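Here is the structure we will look at, set down as structure tokens.
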Amino acid sequence: MTGPRSPLVPGSARPLWPGEPSAGEEAPATAPDPAKGVPCAHGPAERSLARRLAEAVEAADAPDVVLAVSRHGRRTVMSGGTAARRPLPREALRYEVGSAGKTFTGLLLARLIHRGVLTGGEPAAVLLGAPRPPGAHPVTLAHLITHTSGLPALPPGFLRRALPAWRTNPYARFPAEQVVRAFLSHRPRHRPGTRWCYSNYGVAVLGHALAAATGTPWETLLTDQVLDPLGLTGTTLHADGPGADAPGHTKDGRTPVPAFDAGGFQAAGAVRATPGDLLAFLEAHLDPAAAATSPTLAAALRAVRRPVLRRGLTHRHVHTIAWFRHPTDGGPMYFHSGATLGQQAFLGFRPDTGTALAAVCTRRFRAHDPFVAGAYRLLAEA
């Protein structure tokens with residue numbers, strides 16, 4: 001597999017764009033050793049996990065909280081919250097995962113690459129019908145998914161258009177055509193591939209480029225290539241109503257906010273899903289061969305675990321095309337968090353322990369909010 005290998009300034013970013021596993025990558029996840037056994041459902045480990053999950057639910061102090069853990073396929077789900085009981089249990093509702101939905105976009109790109117549809121090195125402007133050649137240093141699909149495109153966090157003109165709906169649904173005021181027009185009309189702030197800058201704008205552009213390259217609307221493309229093959233029937237890109245979707249709330253935990261509308265930023269954060277679907281999505285990364293319905297999907301699930309970029313001083317921050325990757329005593333853990341105006345989410349998994357964690361809550365992020373930090377700690381100490 002080929003892709004961009006542009007020189008990078010020291011201390012910023014160093015790409016290892018998809019290829020063979022790099023030095024230090026963990027071995028593929030394997031099933032638990034039958035000789036060692038698996039703790040019984042009511043053993044000390046399970047009681048300790050249930051206690052810690054209950055403490056995390058209480059600490060979140062949100063109207064609705066669900067923490068779902070899988071250990072070698074055995075699931076534990078804990079839910080609670082300050083809101084009154086709903087017709088459906090909390091774990092059956094769909095939640096907004098915000099930027100954690102970028103992991104779905106990364107997996108989609110990996111699958112298209114393994115199917116031979118794309119390489120990752122295509123200039124996004126060409127796919128989007130730019131009227132002139134992209135130049136010597138174009139923004140590629142690989143740059144967009146790894147946040148090295150040189151694009152800012154949000155497109156030019158976003159704040160002006162979004163300001164009237166800043167506390168309700170700012171992204172809804174910036175539709176797809178506006179995202180594409182901004183990308184084709186403005187140059188990156190710096191040469192693509194030289195610096196890392198987290199960009200919702202960049203991943204949004206990637207979604208439109210993938211849709212253009214395949215001639216398929218984004219929602220159909222993601223559904224056909226990722227959601228349906230993994231059996232994620234409780235995952236969608238739009239809200240259906242209060243009966244199926246958990247309502248978000250402001251920082252006070254009492255005032256509801258409208259369902260999130262991603263506008264032209266669907267690829268960057270439109271996913272909403274049940275905790276069970278989120279856990280199934282993570283379990284597929286732990287055991288691609290068992291979860292995937294095709295060789296290309298299994299290959300993509302393995303590919304999104306490979307380091308492709310290092311950044312920061314001494315290049316200690318490691319990324320894949322879908323996940324942040326941090327070390328633990330036993331091996332790497334992969335994670336991504338996300339937030340909307342009224343909800344938060346954390347997704348993560350650890351191949352060394354066969355553990356996956358999906359955590360969601362329906363309260364807007366506050367200063368020193370314990371939710372994401374607590375979920376990260378639970379996975380790191382798994």
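Labels used: A, B, ... for chains in the order of the structure tokens, numbers from 1 for residues in each chain, and numbers from 1 for ligands as shown.
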
Near-A:Ala345 list (6 Å; only C-alpha atoms; drop same-chain fewer than 5 positions) as a count of residues only
5

Among stretch 29-180 of chain A, which residues does DSSP mark as alpha helix (DSSP H) when it is run on the backbone? Keep the chain and numbering as in the structure and answer as a PyMOL selection string.
chain A and resi 44-60+102-114+124-127+141-145+158-162+176-180

Strand (DSSP E) call set, DSSP backbone run, stretch 192-293 of chain A, as JSON, numbers by chain
{"A": [235, 236, 248, 249, 256, 257, 272, 273]}

So how many Å separate atom CA of A:Ala56 and atom CA of A:Thr255, to one decimal?
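Separating atom CA of A:Ala56 from atom CA of A:Thr255 is a distance of 22.2 Å.
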
Hey, what's within 9 Å of stretch 215-230 of chain A if we count only C-alpha atoms and toss same-chain stuff fewer than 2 positions away? As a compact mmCIF listing (two decimals) with C-alpha atoms, in the first residue's frame, please?
# COMPACT_ATOMS: atom_id res chain seq x y z
CA PHE A 104 -16.08 5.11 11.86
CA THR A 105 -14.76 7.44 9.13
CA LEU A 107 -12.41 2.54 9.29
CA LEU A 108 -14.38 3.40 6.15
CA ARG A 111 -11.76 -0.42 3.91
CA LEU A 112 -11.91 1.54 0.66
CA GLY A 207 -16.29 12.64 3.99
CA HIS A 208 -17.33 14.69 0.97
CA LEU A 210 -15.03 9.87 -0.26
CA ALA A 211 -18.64 10.36 -1.31
CA ALA A 212 -17.51 12.04 -4.53
CA ALA A 213 -14.90 9.38 -5.27
CA LEU A 232 -24.78 -2.14 13.74
CA THR A 233 -28.53 -1.73 13.33
CA THR A 235 -26.39 3.22 14.66
CA THR A 236 -27.47 6.10 12.45
CA LEU A 237 -26.48 9.63 11.43
CA GLN A 266 -21.32 14.39 9.02
CA ALA A 267 -18.03 12.53 8.66
CA ALA A 280 -19.90 -4.30 19.12
CA PHE A 281 -17.94 -1.81 17.02
CA ALA A 284 -14.76 -5.96 16.08
CA ALA A 291 -16.54 -9.81 13.37
CA ALA A 292 -15.86 -9.06 9.73
CA THR A 293 -18.07 -10.35 6.92
CA SER A 294 -15.36 -9.93 4.27
CA LEU A 297 -13.23 -5.40 6.29

Using only C-alpha atoms, pick whichever of A:Leu278, A:Ala382, A:Ala54, A:Cys197 has the shortest atom-to-atom distance to A:Ala92.
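Closest residue, counting only C-alpha atoms: A:Leu278.
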
Neighbour list for A:Val257 as a list in words, cut-off 8 Å, only C-alpha atoms, skip fewer than 3 positions in-chain:
Thr168, Pro247, Gly248, His249, Thr250, Leu341 and Gly342 of chain A

With N, CA, C and O atoms retained, write the just-selected residues as a PDB file, in the first residue's frame.
ATOM      1  N   THR A 168     -27.399  26.295  20.189  1.00  0.00           N
ATOM      2  CA  THR A 168     -28.403  25.284  19.841  1.00  0.00           C
ATOM      3  C   THR A 168     -27.861  24.291  18.827  1.00  0.00           C
ATOM      4  O   THR A 168     -27.676  23.111  19.136  1.00  0.00           O
ATOM      5  N   PRO A 247     -32.042  12.453  25.006  1.00  0.00           N
ATOM      6  CA  PRO A 247     -31.904  13.906  24.856  1.00  0.00           C
ATOM      7  C   PRO A 247     -30.688  14.428  25.594  1.00  0.00           C
ATOM      8  O   PRO A 247     -30.367  13.988  26.703  1.00  0.00           O
ATOM      9  N   GLY A 248     -29.995  15.384  24.972  1.00  0.00           N
ATOM     10  CA  GLY A 248     -28.851  16.008  25.621  1.00  0.00           C
ATOM     11  C   GLY A 248     -29.287  17.141  26.536  1.00  0.00           C
ATOM     12  O   GLY A 248     -30.433  17.602  26.492  1.00  0.00           O
ATOM     13  N   HIS A 249     -28.346  17.585  27.370  1.00  0.00           N
ATOM     14  CA  HIS A 249     -28.635  18.651  28.332  1.00  0.00           C
ATOM     15  C   HIS A 249     -27.452  19.601  28.429  1.00  0.00           C
ATOM     16  O   HIS A 249     -26.313  19.246  28.115  1.00  0.00           O
ATOM     17  N   THR A 250     -27.726  20.816  28.881  1.00  0.00           N
ATOM     18  CA  THR A 250     -26.676  21.808  29.075  1.00  0.00           C
ATOM     19  C   THR A 250     -25.841  21.439  30.304  1.00  0.00           C
ATOM     20  O   THR A 250     -26.058  20.401  30.943  1.00  0.00           O
ATOM     21  N   LEU A 341     -23.221  19.519  21.942  1.00  0.00           N
ATOM     22  CA  LEU A 341     -23.649  20.564  22.869  1.00  0.00           C
ATOM     23  C   LEU A 341     -24.349  20.008  24.105  1.00  0.00           C
ATOM     24  O   LEU A 341     -24.504  20.722  25.086  1.00  0.00           O
ATOM     25  N   GLY A 342     -24.750  18.725  24.051  1.00  0.00           N
ATOM     26  CA  GLY A 342     -25.468  18.194  25.205  1.00  0.00           C
ATOM     27  C   GLY A 342     -25.078  16.793  25.615  1.00  0.00           C
ATOM     28  O   GLY A 342     -25.691  16.228  26.522  1.00  0.00           O
TER      29      GLY A 342
END

Any idea what's packed within 12 Å of A:Pro188, counting only C-alpha atoms, ignoring anything in its chain fewer than 5 positions away? Could you give it as a PyMOL selection string?
chain A and resi 125+134-135+137-140+143-144+147-156+182-183+193-195+197+199+201-202

Dump N, CA, C and O atoms for the selected residues as an mmCIF file, in the first residue's frame?
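In the end it all went to out10.cif:
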data_model
loop_
_atom_site.group_PDB
_atom_site.id
_atom_site.type_symbol
_atom_site.label_atom_id
_atom_site.label_comp_id
_atom_site.auth_asym_id
_atom_site.auth_seq_id
_atom_site.Cartn_x
_atom_site.Cartn_y
_atom_site.Cartn_z
ATOM 1 N N ALA A 125 -8.966 17.819 -3.511
ATOM 2 C CA ALA A 125 -9.531 18.828 -4.410
ATOM 3 C C ALA A 125 -9.880 18.238 -5.771
ATOM 4 O O ALA A 125 -10.886 18.615 -6.382
ATOM 5 N N PRO A 134 -4.250 20.933 -8.306
ATOM 6 C CA PRO A 134 -4.078 21.185 -6.869
ATOM 7 C C PRO A 134 -2.710 21.714 -6.484
ATOM 8 O O PRO A 134 -2.506 22.098 -5.344
ATOM 9 N N GLY A 135 -1.731 21.734 -7.365
ATOM 10 C CA GLY A 135 -0.420 22.255 -7.023
ATOM 11 C C GLY A 135 0.552 21.164 -6.621
ATOM 12 O O GLY A 135 0.229 19.971 -6.608
ATOM 13 N N HIS A 137 1.910 20.507 -3.686
ATOM 14 C CA HIS A 137 1.734 19.916 -2.365
ATOM 15 C C HIS A 137 0.238 19.873 -2.020
ATOM 16 O O HIS A 137 -0.239 20.642 -1.181
ATOM 17 N N PRO A 138 -0.520 19.001 -2.651
ATOM 18 C CA PRO A 138 -1.969 18.968 -2.429
ATOM 19 C C PRO A 138 -2.346 18.347 -1.085
ATOM 20 O O PRO A 138 -1.580 17.572 -0.498
ATOM 21 N N VAL A 139 -3.515 18.683 -0.624
ATOM 22 C CA VAL A 139 -4.104 18.037 0.556
ATOM 23 C C VAL A 139 -4.665 16.695 0.113
ATOM 24 O O VAL A 139 -5.542 16.628 -0.747
ATOM 25 N N THR A 140 -4.147 15.619 0.674
ATOM 26 C CA THR A 140 -4.602 14.285 0.301
ATOM 27 C C THR A 140 -5.577 13.729 1.320
ATOM 28 O O THR A 140 -5.764 14.280 2.411
ATOM 29 N N HIS A 143 -3.803 13.095 4.546
ATOM 30 C CA HIS A 143 -3.634 14.289 5.362
ATOM 31 C C HIS A 143 -4.908 14.613 6.141
ATOM 32 O O HIS A 143 -4.854 14.999 7.315
ATOM 33 N N LEU A 144 -6.039 14.473 5.489
ATOM 34 C CA LEU A 144 -7.307 14.842 6.128
ATOM 35 C C LEU A 144 -7.620 13.939 7.315
ATOM 36 O O LEU A 144 -8.041 14.419 8.373
ATOM 37 N N HIS A 147 -5.209 14.599 10.394
ATOM 38 C CA HIS A 147 -5.165 15.976 10.904
ATOM 39 C C HIS A 147 -3.839 16.658 10.583
ATOM 40 O O HIS A 147 -3.329 17.462 11.368
ATOM 41 N N THR A 148 -3.270 16.347 9.432
ATOM 42 C CA THR A 148 -2.037 17.001 8.978
ATOM 43 C C THR A 148 -2.260 17.754 7.666
ATOM 44 O O THR A 148 -1.326 17.979 6.909
ATOM 45 N N SER A 149 -3.498 18.141 7.399
ATOM 46 C CA SER A 149 -3.849 18.778 6.127
ATOM 47 C C SER A 149 -3.453 20.234 6.049
ATOM 48 O O SER A 149 -3.427 20.817 4.961
ATOM 49 N N GLY A 150 -3.168 20.849 7.185
ATOM 50 C CA GLY A 150 -2.927 22.283 7.204
ATOM 51 C C GLY A 150 -4.196 23.091 7.325
ATOM 52 O O GLY A 150 -4.147 24.328 7.367
ATOM 53 N N LEU A 151 -5.352 22.418 7.397
ATOM 54 C CA LEU A 151 -6.627 23.124 7.554
ATOM 55 C C LEU A 151 -6.858 23.464 9.022
ATOM 56 O O LEU A 151 -6.460 22.716 9.915
ATOM 57 N N PRO A 152 -7.527 24.580 9.301
ATOM 58 C CA PRO A 152 -7.848 24.933 10.687
ATOM 59 C C PRO A 152 -8.937 24.030 11.248
ATOM 60 O O PRO A 152 -9.488 23.180 10.537
ATOM 61 N N ALA A 153 -9.248 24.215 12.516
ATOM 62 C CA ALA A 153 -10.266 23.386 13.160
ATOM 63 C C ALA A 153 -11.624 23.551 12.500
ATOM 64 O O ALA A 153 -12.387 22.588 12.369
ATOM 65 N N LEU A 154 -11.929 24.786 12.072
ATOM 66 C CA LEU A 154 -13.211 25.093 11.444
ATOM 67 C C LEU A 154 -12.963 25.915 10.181
ATOM 68 O O LEU A 154 -11.963 26.639 10.096
ATOM 69 N N PRO A 155 -13.845 25.834 9.197
ATOM 70 C CA PRO A 155 -13.608 26.529 7.930
ATOM 71 C C PRO A 155 -13.776 28.037 8.029
ATOM 72 O O PRO A 155 -14.468 28.544 8.922
ATOM 73 N N PRO A 156 -13.157 28.769 7.109
ATOM 74 C CA PRO A 156 -13.373 30.218 7.058
ATOM 75 C C PRO A 156 -14.861 30.529 6.913
ATOM 76 O O PRO A 156 -15.570 29.887 6.150
ATOM 77 N N ALA A 182 -15.670 26.215 0.799
ATOM 78 C CA ALA A 182 -14.600 26.809 1.605
ATOM 79 C C ALA A 182 -13.273 26.112 1.341
ATOM 80 O O ALA A 182 -12.223 26.759 1.213
ATOM 81 N N PHE A 183 -13.308 24.792 1.223
ATOM 82 C CA PHE A 183 -12.074 24.034 0.987
ATOM 83 C C PHE A 183 -11.465 24.367 -0.373
ATOM 84 O O PHE A 183 -10.244 24.551 -0.497
ATOM 85 N N GLY A 193 1.057 17.919 5.646
ATOM 86 C CA GLY A 193 1.998 16.901 6.078
ATOM 87 C C GLY A 193 3.097 17.392 6.986
ATOM 88 O O GLY A 193 3.941 16.605 7.410
ATOM 89 N N THR A 194 3.117 18.687 7.323
ATOM 90 C CA THR A 194 4.213 19.216 8.137
ATOM 91 C C THR A 194 3.829 19.470 9.587
ATOM 92 O O THR A 194 4.718 19.566 10.439
ATOM 93 N N ARG A 195 2.529 19.602 9.875
ATOM 94 C CA ARG A 195 2.108 19.884 11.247
ATOM 95 C C ARG A 195 0.808 19.152 11.544
ATOM 96 O O ARG A 195 0.010 18.907 10.646
ATOM 97 N N CYS A 197 -2.745 19.312 13.450
ATOM 98 C CA CYS A 197 -3.725 20.228 14.041
ATOM 99 C C CYS A 197 -5.096 19.581 13.926
ATOM 100 O O CYS A 197 -5.600 19.369 12.814
ATOM 101 N N SER A 199 -8.717 18.803 13.358
ATOM 102 C CA SER A 199 -9.590 19.587 12.485
ATOM 103 C C SER A 199 -10.887 18.855 12.163
ATOM 104 O O SER A 199 -10.897 17.902 11.386
ATOM 105 N N TYR A 201 -13.075 20.299 10.450
ATOM 106 C CA TYR A 201 -13.197 20.747 9.064
ATOM 107 C C TYR A 201 -12.528 19.751 8.113
ATOM 108 O O TYR A 201 -13.111 19.332 7.103
ATOM 109 N N GLY A 202 -11.312 19.330 8.443
ATOM 110 C CA GLY A 202 -10.593 18.413 7.579
ATOM 111 C C GLY A 202 -11.299 17.085 7.400
ATOM 112 O O GLY A 202 -11.392 16.557 6.283
#

When you draw a straight line from atom CA of A:Pro351 to atom CA of A:Val271, how long is it in Å?
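These atoms are spaced 24.0 Å apart.
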
Selected residue of minimal separation from A:Tyr95 among A:Arg272, A:Arg306, A:His186, A:Arg52, counting only C-alpha atoms
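For A:Tyr95, the nearest of the candidates is A:Arg272.
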
If you count only C-alpha atoms, which residues fall within 9 Å of A:His319, apart from same-chain ones fewer than 4 positions away, as a PDB file with N, CA, C and O atoms, in the first residue's frame?
ATOM      1  N   THR A 146      -5.541  12.191   9.137  1.00  0.00           N
ATOM      2  CA  THR A 146      -4.530  12.258  10.192  1.00  0.00           C
ATOM      3  C   THR A 146      -4.358  13.661  10.763  1.00  0.00           C
ATOM      4  O   THR A 146      -3.432  13.903  11.542  1.00  0.00           O
ATOM      5  N   ARG A 305      -5.432  -0.204  13.548  1.00  0.00           N
ATOM      6  CA  ARG A 305      -4.664  -0.316  14.783  1.00  0.00           C
ATOM      7  C   ARG A 305      -3.182   0.003  14.576  1.00  0.00           C
ATOM      8  O   ARG A 305      -2.436   0.120  15.539  1.00  0.00           O
ATOM      9  N   ARG A 306      -2.756   0.139  13.328  1.00  0.00           N
ATOM     10  CA  ARG A 306      -1.343   0.377  13.062  1.00  0.00           C
ATOM     11  C   ARG A 306      -0.984   1.844  13.237  1.00  0.00           C
ATOM     12  O   ARG A 306      -1.678   2.724  12.727  1.00  0.00           O
ATOM     13  N   PRO A 307       0.107   2.141  13.903  1.00  0.00           N
ATOM     14  CA  PRO A 307       0.551   3.541  14.011  1.00  0.00           C
ATOM     15  C   PRO A 307       0.870   4.105  12.631  1.00  0.00           C
ATOM     16  O   PRO A 307       1.509   3.439  11.818  1.00  0.00           O
ATOM     17  N   VAL A 308       0.393   5.304  12.366  1.00  0.00           N
ATOM     18  CA  VAL A 308       0.698   5.959  11.091  1.00  0.00           C
ATOM     19  C   VAL A 308       1.312   7.333  11.283  1.00  0.00           C
ATOM     20  O   VAL A 308       1.802   7.935  10.330  1.00  0.00           O
ATOM     21  N   LEU A 309       1.309   7.859  12.514  1.00  0.00           N
ATOM     22  CA  LEU A 309       1.809   9.212  12.725  1.00  0.00           C
ATOM     23  C   LEU A 309       2.287   9.364  14.158  1.00  0.00           C
ATOM     24  O   LEU A 309       1.648   8.865  15.088  1.00  0.00           O
ATOM     25  N   ARG A 310       3.404  10.040  14.307  1.00  0.00           N
ATOM     26  CA  ARG A 310       3.917  10.389  15.631  1.00  0.00           C
ATOM     27  C   ARG A 310       4.109  11.898  15.659  1.00  0.00           C
ATOM     28  O   ARG A 310       4.552  12.495  14.682  1.00  0.00           O
ATOM     29  N   ARG A 311       3.839  12.526  16.787  1.00  0.00           N
ATOM     30  CA  ARG A 311       3.955  13.978  16.863  1.00  0.00           C
ATOM     31  C   ARG A 311       4.388  14.397  18.258  1.00  0.00           C
ATOM     32  O   ARG A 311       4.429  13.588  19.190  1.00  0.00           O
ATOM     33  N   TRP A 323      -7.569   6.255  15.581  1.00  0.00           N
ATOM     34  CA  TRP A 323      -7.520   6.240  17.043  1.00  0.00           C
ATOM     35  C   TRP A 323      -6.297   6.972  17.586  1.00  0.00           C
ATOM     36  O   TRP A 323      -5.243   6.994  16.965  1.00  0.00           O
ATOM     37  N   PHE A 324      -6.458   7.527  18.783  1.00  0.00           N
ATOM     38  CA  PHE A 324      -5.315   7.915  19.592  1.00  0.00           C
ATOM     39  C   PHE A 324      -4.777   6.639  20.239  1.00  0.00           C
ATOM     40  O   PHE A 324      -5.547   5.764  20.625  1.00  0.00           O
ATOM     41  N   ARG A 325      -3.473   6.551  20.406  1.00  0.00           N
ATOM     42  CA  ARG A 325      -2.842   5.317  20.879  1.00  0.00           C
ATOM     43  C   ARG A 325      -1.875   5.655  22.009  1.00  0.00           C
ATOM     44  O   ARG A 325      -0.887   6.354  21.801  1.00  0.00           O
ATOM     45  N   HIS A 326      -2.172   5.172  23.223  1.00  0.00           N
ATOM     46  CA  HIS A 326      -1.319   5.420  24.376  1.00  0.00           C
ATOM     47  C   HIS A 326      -0.755   4.107  24.911  1.00  0.00           C
ATOM     48  O   HIS A 326      -1.414   3.065  24.825  1.00  0.00           O
ATOM     49  N   TYR A 334      -6.224   2.010  22.682  1.00  0.00           N
ATOM     50  CA  TYR A 334      -6.726   2.860  21.608  1.00  0.00           C
ATOM     51  C   TYR A 334      -7.999   3.537  22.090  1.00  0.00           C
ATOM     52  O   TYR A 334      -8.861   2.880  22.694  1.00  0.00           O
TER      53      TYR A 334
END

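Among the candidates A:Thr362, A:Glu283, A:Glu381, A:Thr328, the residue lying nearest to A:His72 is A:Glu283 (atoms considered: only C-alpha atoms).
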
Length of the atom CA of A:Glu58 to atom CA of A:Pro258 vector [Å]
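Taking atom CA of A:Glu58 and atom CA of A:Pro258, their separation equals 24.6 Å.
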
Distance table requested - stretch 40-151 of chain A against stretch 352-357 of chain A, cut-off 6 Å, only C-alpha atoms: one row per qualifying residue with the closest atom pair and its distance in Å to one decimal, ordered by chain and rising residue number, as JSON lines.
{"residue": "A:Ala68", "atom": "CA", "partner": "A:Leu357", "partner_atom": "CA", "distance": 5.8}
{"residue": "A:Val69", "atom": "CA", "partner": "A:Leu357", "partner_atom": "CA", "distance": 4.6}
{"residue": "A:Ser70", "atom": "CA", "partner": "A:Ala356", "partner_atom": "CA", "distance": 5.1}
{"residue": "A:Arg71", "atom": "CA", "partner": "A:Thr355", "partner_atom": "CA", "distance": 4.5}
{"residue": "A:His72", "atom": "CA", "partner": "A:Gly354", "partner_atom": "CA", "distance": 5.0}

What would the file look like if the residues just selected were written as a PDB file, in the first residue's frame with C-alpha atoms?
ATOM      1  CA  ALA A  68     -20.541  -0.800  28.769  1.00  0.00           C
ATOM      2  CA  VAL A  69     -17.494  -3.060  29.096  1.00  0.00           C
ATOM      3  CA  SER A  70     -16.551  -6.200  27.194  1.00  0.00           C
ATOM      4  CA  ARG A  71     -13.828  -8.560  28.402  1.00  0.00           C
ATOM      5  CA  HIS A  72     -13.064 -11.310  25.904  1.00  0.00           C
TER       6      HIS A  72
END

Given only C-alpha atoms as the counted atoms, nearest of A:Arg86, A:Arg181, A:Arg350, A:Arg94 to A:Pro131
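Checking each candidate against A:Pro131, we get A:Arg181 as the closest.
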
Test item: residues at most 12 Å from A:Ala165, only C-alpha atoms, excluding those fewer than 4 positions along its chain, as an MDAnalysis selection string:
chainID A and resid 158:161 169:174 257:258 260:261 341
